[in-house]
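Shown here: structure.csv, CSV, N, CA and C atoms.
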```
chain,number,residue,atom,x,y,z
A,137,MET,N,31.8,9.6,-29.1
A,137,MET,CA,30.6,10.1,-28.5
A,137,MET,C,30.9,11.0,-27.4
A,138,SER,N,30.3,12.2,-27.4
A,138,SER,CA,30.5,13.2,-26.4
A,138,SER,C,29.9,12.8,-25.0
A,139,ARG,N,30.4,13.5,-24.0
A,139,ARG,CA,29.9,13.2,-22.7
A,139,ARG,C,28.4,13.4,-22.5
A,140,PRO,N,27.8,14.5,-23.0
A,140,PRO,CA,26.4,14.7,-22.9
A,140,PRO,C,25.6,13.6,-23.7
A,141,GLU,N,26.1,13.2,-24.8
A,141,GLU,CA,25.5,12.1,-25.6
A,141,GLU,C,25.5,10.8,-24.8
A,142,LEU,N,26.7,10.5,-24.2
A,142,LEU,CA,26.8,9.3,-23.4
A,142,LEU,C,25.9,9.3,-22.1
A,143,ALA,N,25.8,10.5,-21.5
A,143,ALA,CA,24.9,10.6,-20.3
A,143,ALA,C,23.5,10.4,-20.7
A,144,ALA,N,23.1,10.9,-21.9
A,144,ALA,CA,21.7,10.8,-22.4
A,144,ALA,C,21.4,9.3,-22.7
A,145,LYS,N,22.4,8.6,-23.3
A,145,LYS,CA,22.2,7.2,-23.5
A,145,LYS,C,22.0,6.4,-22.3
A,146,LYS,N,22.8,6.7,-21.2
A,146,LYS,CA,22.7,6.0,-20.0
A,146,LYS,C,21.4,6.3,-19.3
A,147,ARG,N,20.9,7.5,-19.4
A,147,ARG,CA,19.6,7.8,-18.8
A,147,ARG,C,18.5,7.0,-19.5
A,148,GLN,N,18.6,7.0,-20.8
A,148,GLN,CA,17.6,6.3,-21.6
A,148,GLN,C,17.6,4.8,-21.3
A,149,ALA,N,18.8,4.2,-21.1
A,149,ALA,CA,18.9,2.8,-20.8
A,149,ALA,C,18.3,2.5,-19.4
A,150,TRP,N,18.6,3.4,-18.4
A,150,TRP,CA,18.1,3.3,-17.1
A,150,TRP,C,16.6,3.3,-17.1
A,151,ARG,N,16.0,4.3,-17.8
A,151,ARG,CA,14.5,4.4,-17.9
A,151,ARG,C,13.9,3.1,-18.6
A,152,PHE,N,14.6,2.6,-19.6
A,152,PHE,CA,14.1,1.4,-20.2
A,152,PHE,C,14.1,0.2,-19.2
A,153,GLY,N,15.2,0.1,-18.5
A,153,GLY,CA,15.3,-0.9,-17.4
A,153,GLY,C,14.2,-0.8,-16.4
A,154,ARG,N,13.9,0.4,-15.9
A,154,ARG,CA,12.9,0.6,-14.9
A,154,ARG,C,11.5,0.2,-15.5
A,155,ARG,N,11.3,0.6,-16.7
A,155,ARG,CA,10.0,0.2,-17.3
A,155,ARG,C,9.9,-1.3,-17.5
A,156,ALA,N,11.0,-1.9,-17.8
A,156,ALA,CA,11.0,-3.4,-18.0
A,156,ALA,C,10.7,-4.1,-16.6
A,157,GLU,N,11.3,-3.6,-15.6
A,157,GLU,CA,11.0,-4.1,-14.2
A,157,GLU,C,9.6,-3.9,-13.8
A,158,ALA,N,9.0,-2.8,-14.1
A,158,ALA,CA,7.6,-2.5,-13.8
A,158,ALA,C,6.7,-3.4,-14.6
A,159,ALA,N,7.0,-3.6,-15.9
A,159,ALA,CA,6.2,-4.5,-16.7
A,159,ALA,C,6.2,-6.0,-16.2
A,160,CYS,N,7.4,-6.4,-15.8
A,160,CYS,CA,7.6,-7.7,-15.2
A,160,CYS,C,6.9,-7.9,-13.9
A,161,ALA,N,6.9,-6.9,-13.1
A,161,ALA,CA,6.2,-6.9,-11.8
A,161,ALA,C,4.7,-7.1,-12.0
A,162,TRP,N,4.1,-6.3,-12.9
A,162,TRP,CA,2.7,-6.5,-13.2
A,162,TRP,C,2.4,-7.8,-13.8
A,163,PHE,N,3.2,-8.3,-14.7
A,163,PHE,CA,3.0,-9.7,-15.2
A,163,PHE,C,3.0,-10.7,-14.2
A,164,LEU,N,4.0,-10.6,-13.2
A,164,LEU,CA,4.0,-11.6,-12.1
A,164,LEU,C,2.7,-11.5,-11.2
A,165,ARG,N,2.3,-10.3,-11.0
A,165,ARG,CA,1.0,-10.1,-10.2
A,165,ARG,C,-0.1,-10.9,-10.9
A,166,LEU,N,-0.2,-10.7,-12.2
A,166,LEU,CA,-1.3,-11.4,-13.0
A,166,LEU,C,-1.1,-12.9,-12.9
A,167,LYS,N,0.1,-13.4,-12.7
A,167,LYS,CA,0.3,-14.8,-12.6
A,167,LYS,C,0.1,-15.3,-11.2
A,168,GLY,N,-0.3,-14.4,-10.2
A,168,GLY,CA,-0.6,-14.8,-8.9
A,168,GLY,C,0.6,-14.7,-7.9
A,169,TYR,N,1.6,-14.0,-8.3
A,169,TYR,CA,2.7,-13.7,-7.4
A,169,TYR,C,2.4,-12.5,-6.5
A,170,ARG,N,3.0,-12.4,-5.3
A,170,ARG,CA,2.9,-11.2,-4.5
A,170,ARG,C,4.3,-10.6,-4.5
A,171,ILE,N,4.4,-9.4,-4.9
A,171,ILE,CA,5.7,-8.7,-5.0
A,171,ILE,C,6.1,-8.3,-3.5
A,172,LEU,N,7.2,-8.8,-3.1
A,172,LEU,CA,7.7,-8.4,-1.7
A,172,LEU,C,8.7,-7.3,-1.8
A,173,ALA,N,9.5,-7.2,-2.8
A,173,ALA,CA,10.5,-6.1,-2.9
A,173,ALA,C,10.8,-5.9,-4.4
A,174,ARG,N,11.1,-4.7,-4.7
A,174,ARG,CA,11.7,-4.3,-6.0
A,174,ARG,C,12.9,-3.5,-5.8
A,175,GLY,N,14.0,-3.8,-6.5
A,175,GLY,CA,15.3,-3.1,-6.3
A,175,GLY,C,15.9,-3.2,-5.0
A,176,PHE,N,15.8,-4.4,-4.4
A,176,PHE,CA,16.4,-4.7,-3.1
A,176,PHE,C,17.9,-4.6,-3.2
A,177,ARG,N,18.5,-3.7,-2.4
A,177,ARG,CA,19.9,-3.5,-2.4
A,177,ARG,C,20.6,-3.9,-1.1
A,178,ALA,N,21.7,-4.6,-1.2
A,178,ALA,CA,22.5,-5.0,-0.1
A,178,ALA,C,24.0,-4.6,-0.5
A,179,PRO,N,24.9,-4.5,0.4
A,179,PRO,CA,26.3,-4.3,0.1
A,179,PRO,C,26.9,-5.3,-0.9
A,180,VAL,N,26.3,-6.5,-0.9
A,180,VAL,CA,26.9,-7.6,-1.7
A,180,VAL,C,26.2,-7.7,-3.1
A,181,GLY,N,25.1,-7.0,-3.3
A,181,GLY,CA,24.4,-7.1,-4.6
A,181,GLY,C,23.0,-6.6,-4.6
A,182,GLU,N,22.3,-6.7,-5.7
A,182,GLU,CA,21.0,-6.2,-5.8
A,182,GLU,C,20.1,-7.2,-6.5
A,183,ILE,N,18.8,-7.2,-6.1
A,183,ILE,CA,17.8,-8.1,-6.7
A,183,ILE,C,16.8,-7.2,-7.3
A,184,ASP,N,16.4,-7.4,-8.5
A,184,ASP,CA,15.4,-6.6,-9.2
A,184,ASP,C,14.0,-6.8,-8.6
A,185,ILE,N,13.6,-8.0,-8.5
A,185,ILE,CA,12.3,-8.3,-7.9
A,185,ILE,C,12.4,-9.5,-7.0
A,186,VAL,N,11.7,-9.4,-5.9
A,186,VAL,CA,11.5,-10.6,-5.0
A,186,VAL,C,10.0,-10.8,-4.9
A,187,ALA,N,9.6,-12.0,-5.2
A,187,ALA,CA,8.2,-12.3,-5.2
A,187,ALA,C,7.9,-13.6,-4.6
A,188,ARG,N,6.7,-13.7,-4.1
A,188,ARG,CA,6.3,-15.0,-3.4
A,188,ARG,C,5.0,-15.5,-4.0
A,189,ARG,N,5.0,-16.8,-4.2
A,189,ARG,CA,3.8,-17.5,-4.7
A,189,ARG,C,3.7,-18.8,-4.0
A,190,GLY,N,2.8,-19.0,-3.1
A,190,GLY,CA,2.7,-20.2,-2.2
A,190,GLY,C,3.9,-20.3,-1.4
A,191,GLY,N,4.6,-21.5,-1.4
A,191,GLY,CA,5.8,-21.7,-0.6
A,191,GLY,C,7.1,-21.4,-1.3
A,192,ILE,N,7.0,-20.6,-2.4
A,192,ILE,CA,8.2,-20.3,-3.2
A,192,ILE,C,8.5,-18.9,-3.1
A,193,LEU,N,9.8,-18.6,-2.8
A,193,LEU,CA,10.3,-17.2,-2.9
A,193,LEU,C,11.1,-17.1,-4.2
A,194,ALA,N,10.6,-16.3,-5.1
A,194,ALA,CA,11.3,-16.2,-6.4
A,194,ALA,C,12.2,-14.9,-6.4
A,195,VAL,N,13.5,-15.1,-6.6
A,195,VAL,CA,14.4,-14.1,-6.7
A,195,VAL,C,14.6,-13.9,-8.2
A,196,ILE,N,14.2,-12.7,-8.7
A,196,ILE,CA,14.0,-12.5,-10.1
A,196,ILE,C,15.0,-11.4,-10.7
A,197,GLU,N,15.8,-11.8,-11.7
A,197,GLU,CA,16.6,-10.8,-12.4
A,197,GLU,C,15.9,-10.4,-13.7
A,198,VAL,N,15.7,-9.2,-13.9
A,198,VAL,CA,15.1,-8.7,-15.1
A,198,VAL,C,16.1,-8.2,-16.1
A,199,LYS,N,16.0,-8.7,-17.3
A,199,LYS,CA,16.9,-8.3,-18.4
A,199,LYS,C,16.1,-7.7,-19.5
A,200,GLY,N,16.2,-6.4,-19.7
A,200,GLY,CA,15.5,-5.7,-20.7
A,200,GLY,C,16.4,-5.4,-21.9
A,201,ARG,N,16.1,-6.0,-23.0
A,201,ARG,CA,16.9,-5.8,-24.2
A,201,ARG,C,16.0,-5.7,-25.4
A,202,HIS,N,16.5,-5.2,-26.5
A,202,HIS,CA,15.7,-5.1,-27.7
A,202,HIS,C,15.5,-6.4,-28.4
A,203,ASP,N,16.4,-7.4,-28.1
A,203,ASP,CA,16.5,-8.7,-28.7
A,203,ASP,C,16.4,-9.7,-27.6
A,204,LEU,N,15.5,-10.7,-27.8
A,204,LEU,CA,15.3,-11.8,-26.8
A,204,LEU,C,16.6,-12.6,-26.5
A,205,HIS,N,17.3,-12.9,-27.5
A,205,HIS,CA,18.6,-13.6,-27.4
A,205,HIS,C,19.6,-12.8,-26.6
A,206,ALA,N,19.7,-11.6,-26.9
A,206,ALA,CA,20.7,-10.7,-26.2
A,206,ALA,C,20.3,-10.6,-24.7
A,207,ALA,N,19.0,-10.6,-24.4
A,207,ALA,CA,18.6,-10.6,-23.0
A,207,ALA,C,18.9,-11.8,-22.3
A,208,ALA,N,18.7,-13.0,-22.9
A,208,ALA,CA,19.0,-14.3,-22.3
A,208,ALA,C,20.5,-14.5,-22.0
A,209,GLU,N,21.3,-13.9,-22.9
A,209,GLU,CA,22.8,-14.0,-22.7
A,209,GLU,C,23.4,-13.0,-21.7
A,210,ALA,N,22.6,-12.1,-21.2
A,210,ALA,CA,23.1,-11.0,-20.4
A,210,ALA,C,23.4,-11.3,-19.0
A,211,LEU,N,23.1,-12.5,-18.5
A,211,LEU,CA,23.3,-12.8,-17.1
A,211,LEU,C,24.5,-13.7,-16.9
A,212,GLY,N,25.6,-13.0,-16.5
A,212,GLY,CA,26.9,-13.7,-16.4
A,212,GLY,C,27.1,-14.4,-15.0
A,213,GLY,N,28.2,-15.1,-14.9
A,213,GLY,CA,28.5,-15.9,-13.6
A,213,GLY,C,28.7,-15.0,-12.4
A,214,ARG,N,29.5,-13.9,-12.6
A,214,ARG,CA,29.7,-13.0,-11.5
A,214,ARG,C,28.5,-12.3,-11.0
A,215,GLN,N,27.6,-12.0,-11.9
A,215,GLN,CA,26.3,-11.4,-11.6
A,215,GLN,C,25.4,-12.4,-10.8
A,216,ARG,N,25.5,-13.6,-11.2
A,216,ARG,CA,24.7,-14.7,-10.5
A,216,ARG,C,25.2,-14.8,-9.0
A,217,ILE,N,26.5,-14.7,-8.8
A,217,ILE,CA,27.0,-14.8,-7.5
A,217,ILE,C,26.5,-13.6,-6.6
A,218,ARG,N,26.6,-12.4,-7.2
A,218,ARG,CA,26.1,-11.2,-6.5
A,218,ARG,C,24.6,-11.3,-6.1
A,219,ILE,N,23.8,-11.9,-7.1
A,219,ILE,CA,22.4,-12.0,-6.8
A,219,ILE,C,22.1,-13.1,-5.7
A,220,ALA,N,22.9,-14.2,-5.7
A,220,ALA,CA,22.7,-15.2,-4.7
A,220,ALA,C,23.1,-14.6,-3.3
A,221,ARG,N,24.2,-13.8,-3.3
A,221,ARG,CA,24.5,-13.2,-2.0
A,221,ARG,C,23.5,-12.2,-1.5
A,222,ALA,N,22.9,-11.4,-2.5
A,222,ALA,CA,21.9,-10.5,-2.1
A,222,ALA,C,20.6,-11.2,-1.6
A,223,ALA,N,20.3,-12.4,-2.2
A,223,ALA,CA,19.2,-13.2,-1.7
A,223,ALA,C,19.4,-13.7,-0.3
A,224,GLU,N,20.7,-14.0,0.1
A,224,GLU,CA,21.0,-14.4,1.5
A,224,GLU,C,20.8,-13.2,2.4
A,225,ALA,N,21.2,-12.0,1.9
A,225,ALA,CA,21.0,-10.8,2.7
A,225,ALA,C,19.5,-10.5,2.9
A,226,PHE,N,18.7,-10.7,1.8
A,226,PHE,CA,17.3,-10.5,1.9
A,226,PHE,C,16.7,-11.4,3.0
A,227,LEU,N,17.1,-12.7,3.0
A,227,LEU,CA,16.5,-13.6,3.9
A,227,LEU,C,16.9,-13.3,5.4
A,228,ARG,N,18.1,-12.7,5.5
A,228,ARG,CA,18.5,-12.3,6.9
A,228,ARG,C,17.7,-11.1,7.4
A,229,VAL,N,17.3,-10.2,6.5
A,229,VAL,CA,16.5,-9.1,6.8
A,229,VAL,C,15.0,-9.4,7.0
A,230,ASN,N,14.6,-10.5,6.3
A,230,ASN,CA,13.2,-10.9,6.3
A,230,ASN,C,13.1,-12.4,6.8
A,231,PRO,N,13.3,-12.6,8.1
A,231,PRO,CA,13.3,-14.0,8.6
A,231,PRO,C,12.0,-14.7,8.4
A,232,ALA,N,10.9,-14.1,8.2
A,232,ALA,CA,9.6,-14.7,7.9
A,232,ALA,C,9.7,-15.5,6.6
A,233,CYS,N,10.6,-15.2,5.7
A,233,CYS,CA,10.7,-15.9,4.4
A,233,CYS,C,11.6,-17.1,4.5
A,234,GLY,N,12.2,-17.3,5.7
A,234,GLY,CA,13.2,-18.3,5.8
A,234,GLY,C,12.8,-19.7,5.5
A,235,GLY,N,11.5,-20.0,5.7
A,235,GLY,CA,11.0,-21.4,5.5
A,235,GLY,C,10.6,-21.6,4.0
A,236,LEU,N,10.7,-20.6,3.2
A,236,LEU,CA,10.2,-20.8,1.8
A,236,LEU,C,11.4,-21.4,0.9
A,237,ASP,N,10.9,-22.1,-0.1
A,237,ASP,CA,11.9,-22.6,-1.1
A,237,ASP,C,12.3,-21.4,-2.0
A,238,VAL,N,13.6,-21.2,-2.1
A,238,VAL,CA,14.2,-20.1,-2.9
A,238,VAL,C,14.5,-20.6,-4.3
A,239,ARG,N,14.0,-19.8,-5.2
A,239,ARG,CA,14.2,-20.1,-6.6
A,239,ARG,C,14.7,-18.9,-7.4
A,240,PHE,N,15.6,-19.1,-8.3
A,240,PHE,CA,16.2,-18.0,-9.0
A,240,PHE,C,15.6,-18.0,-10.5
A,241,ASP,N,14.9,-16.9,-10.8
A,241,ASP,CA,14.3,-16.8,-12.1
A,241,ASP,C,14.9,-15.7,-12.9
A,242,VAL,N,14.6,-15.7,-14.2
A,242,VAL,CA,15.0,-14.6,-15.0
A,242,VAL,C,13.8,-14.2,-15.8
A,243,MET,N,13.6,-12.9,-16.0
A,243,MET,CA,12.5,-12.4,-16.8
A,243,MET,C,13.2,-11.6,-17.9
A,244,LEU,N,12.8,-11.9,-19.1
A,244,LEU,CA,13.3,-11.2,-20.3
A,244,LEU,C,12.2,-10.2,-20.8
A,245,ALA,N,12.6,-9.0,-20.9
A,245,ALA,CA,11.6,-8.0,-21.3
A,245,ALA,C,12.1,-7.3,-22.6
A,246,ARG,N,11.2,-7.2,-23.6
A,246,ARG,CA,11.4,-6.5,-24.8
A,246,ARG,C,10.3,-5.4,-25.0
A,247,ARG,N,10.6,-4.4,-25.7
A,247,ARG,CA,9.7,-3.3,-25.9
A,247,ARG,C,8.4,-3.9,-26.7
A,248,TRP,N,7.3,-3.5,-26.1
A,248,TRP,CA,6.0,-3.8,-26.7
A,248,TRP,C,5.7,-5.4,-26.8
A,249,ARG,N,6.3,-6.1,-25.9
A,249,ARG,CA,6.1,-7.6,-25.9
A,249,ARG,C,5.8,-8.0,-24.4
A,250,VAL,N,5.0,-9.1,-24.3
A,250,VAL,CA,4.8,-9.7,-23.0
A,250,VAL,C,6.1,-10.2,-22.5
A,251,PRO,N,6.5,-10.0,-21.2
A,251,PRO,CA,7.8,-10.5,-20.7
A,251,PRO,C,7.8,-12.0,-20.8
A,252,THR,N,9.0,-12.6,-20.9
A,252,THR,CA,9.2,-14.0,-20.9
A,252,THR,C,9.7,-14.4,-19.5
A,253,HIS,N,9.1,-15.3,-18.8
A,253,HIS,CA,9.5,-15.7,-17.5
A,253,HIS,C,10.1,-17.0,-17.5
A,254,LEU,N,11.4,-17.1,-17.2
A,254,LEU,CA,12.1,-18.4,-17.1
A,254,LEU,C,12.3,-18.8,-15.7
A,255,THR,N,11.4,-19.7,-15.2
A,255,THR,CA,11.4,-20.1,-13.8
A,255,THR,C,12.6,-21.1,-13.6
A,256,ASP,N,13.1,-21.0,-12.4
A,256,ASP,CA,14.3,-21.8,-12.0
A,256,ASP,C,15.4,-21.8,-13.1
A,257,ALA,N,15.7,-20.6,-13.5
A,257,ALA,CA,16.6,-20.4,-14.6
A,257,ALA,C,18.1,-20.8,-14.3
A,258,TRP,N,18.4,-20.7,-13.0
A,258,TRP,CA,19.8,-21.1,-12.6
A,258,TRP,C,19.8,-21.4,-11.1
A,259,ARG,N,20.9,-22.0,-10.7
A,259,ARG,CA,21.0,-22.3,-9.2
A,259,ARG,C,22.4,-21.8,-8.8
A,260,PRO,N,22.5,-21.3,-7.6
A,260,PRO,CA,23.8,-20.8,-7.1
A,260,PRO,C,24.8,-22.0,-7.1
A,261,GLY,N,26.0,-21.7,-7.5
A,261,GLY,CA,27.1,-22.7,-7.6
A,261,GLY,C,27.0,-23.6,-8.8
A,262,GLY,N,25.9,-23.4,-9.6
A,262,GLY,CA,25.8,-24.3,-10.8
A,262,GLY,C,26.0,-23.6,-12.1
```

Encoded form (structure tokens):
Amino acid sequence: MSRPELAAKKRQAWRFGRRAEAACAWFLRLKGYRILARGFRAPVGEIDIVARRGGILAVIEVKGRHDLHAAAEALGGRQRIRIARAAEAFLRVNPACGGLDVRFDVMLARRWRVPTHLTDAWRPGG
């Protein structure tokens, strides 16, 4: 594959991921969540969506794939560690969220489908 073709594929994948995140954010709003941050970046990692509902702070990783099984398998151990560290950084920057229960969710997005929300999908260190 040539460089321009590879660059085009990367742009297409990036756009698909951004659309998947937007769809998941809207879906969460419909479920009563308030979106606190999208694409939160820290030196230790990134969080796709941070949302609050009641006393729960949901740290959400969005996986957009063409196949639901492939999306579910895409979150590896090293990535979970980076997300957990980014969640700690988010709480340091947003001390008002410190009293909330933190939960790690995964949302699986496919083209032309309602996103699948897996609540409490994993726990740090587990």

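Between CA of Glu157 (chain A) and atom C of His202 (chain A) the interatomic distance comes to 15.1 Å.
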
List every protein, DNA or RNA residue that has at least one atom no more than 6.5 Å from (21.8, -11.8, -10.0) in the file's coordinates, counting only N, CA and C atoms, and write the result as a ChimeraX atom specification.
/A:182-183,197,215-220

Can you pull out the residues contacting Arg246 (chain A)? Cut-off 6.5 Å, using only N, CA and C atoms, and skip same-chain residues under 3 positions away; I want them as a PyMOL selection string.
chain A and resi 199-203+249-252

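If only C-alpha atoms are the atoms counted, then among A:Ala158, A:Leu211, A:Leu164, A:Leu193 the closest residue to Gly235 (chain A) is A:Leu193.
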
Determine which residues of chain A receive a DSSP assignment of helix (DSSP H, G or I), computed from the backbone, and state them as a PyMOL selection string.
chain A and resi 139-166+204-208+213-229+231-233

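Proximity of A:Arg177, A:Arg247, A:His253, A:Arg189 to Ala225 (chain A), computed with only C-alpha atoms, is greatest for A:Arg177.
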
Contacts of Ala187 (chain A) at 5 Å or less, counting only N, CA and C atoms, minus same-chain residues fewer than 4 places along, as number ranges by chain?
A: 170-172, 193-194

Distance criterion (only C-alpha atoms): nearest to Phe152 (chain A) out of A:Ala223, A:Val198, A:Val186, A:Met137
A:Val198

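CA of Ala222 (chain A) lies 5.8 Å from CA of Val180 (chain A).
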
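Put simply, atom N of Cys233 (chain A) is 19.8 Å away from atom C of Arg259 (chain A).
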
From the list A:Val229, A:Ala144, A:Asp256, A:Ala245, which residue is nearest Ala156 (chain A) when using only N, CA and C atoms?
A:Ala245

Would you list, as an MDAnalysis selection string, the residues of chain A that end up in strand (DSSP E or B) under DSSP run on this structure's backbone?
chainID A and resid 170:178 181:189 192:200 237:245 252:258

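Here the question is which of A:Ser138, A:Cys160, A:Gly190, A:Ala149 gets nearest to Met243 (chain A) using only N, CA and C atoms, and that residue is A:Cys160.
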
Could you extract region 195-238 of chain A of the given structure into a file holding C-alpha atoms, as a compact mmCIF listing (two decimals), in the first residue's frame?
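Output contents, as saved in selection_29.txt:
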```
# COMPACT_ATOMS: atom_id res chain seq x y z
CA VAL A 195 -15.11 6.92 32.27
CA ILE A 196 -16.03 5.62 28.84
CA GLU A 197 -13.85 4.11 26.13
CA VAL A 198 -15.49 4.08 22.71
CA LYS A 199 -14.59 1.33 20.28
CA GLY A 200 -15.88 1.79 16.78
CA ARG A 201 -15.60 -1.24 14.55
CA HIS A 202 -17.54 -2.77 11.71
CA ASP A 203 -18.06 -5.93 13.77
CA LEU A 204 -19.36 -6.00 17.36
CA HIS A 205 -17.04 -8.84 18.41
CA ALA A 206 -13.99 -7.03 17.05
CA ALA A 207 -15.01 -3.90 18.97
CA ALA A 208 -15.41 -5.84 22.21
CA GLU A 209 -11.97 -7.43 21.84
CA ALA A 210 -10.18 -4.16 21.05
CA LEU A 211 -9.55 -2.97 24.64
CA GLY A 212 -6.27 -4.44 25.86
CA GLY A 213 -4.60 -4.44 29.26
CA ARG A 214 -2.08 -1.69 28.52
CA GLN A 215 -4.85 0.56 27.23
CA ARG A 216 -6.89 -0.05 30.40
CA ILE A 217 -3.91 1.06 32.51
CA ARG A 218 -3.56 4.26 30.47
CA ILE A 219 -7.28 4.99 30.79
CA ALA A 220 -7.19 4.44 34.57
CA ARG A 221 -4.23 6.82 34.87
CA ALA A 222 -6.02 9.40 32.73
CA ALA A 223 -9.07 9.06 35.02
CA GLU A 224 -6.84 9.86 38.01
CA ALA A 225 -5.53 12.91 36.13
CA PHE A 226 -9.11 13.99 35.33
CA LEU A 227 -10.04 13.79 39.01
CA ARG A 228 -6.99 15.88 39.96
CA VAL A 229 -8.03 18.57 37.48
CA ASN A 230 -11.72 18.34 38.48
CA PRO A 231 -11.77 18.03 42.28
CA ALA A 232 -15.56 18.58 42.37
CA CYS A 233 -15.90 15.06 40.93
CA GLY A 234 -13.78 13.54 43.71
CA GLY A 235 -16.76 12.34 45.76
CA LEU A 236 -18.34 10.43 42.89
CA ASP A 237 -18.10 6.69 42.36
CA VAL A 238 -15.87 6.08 39.33
```
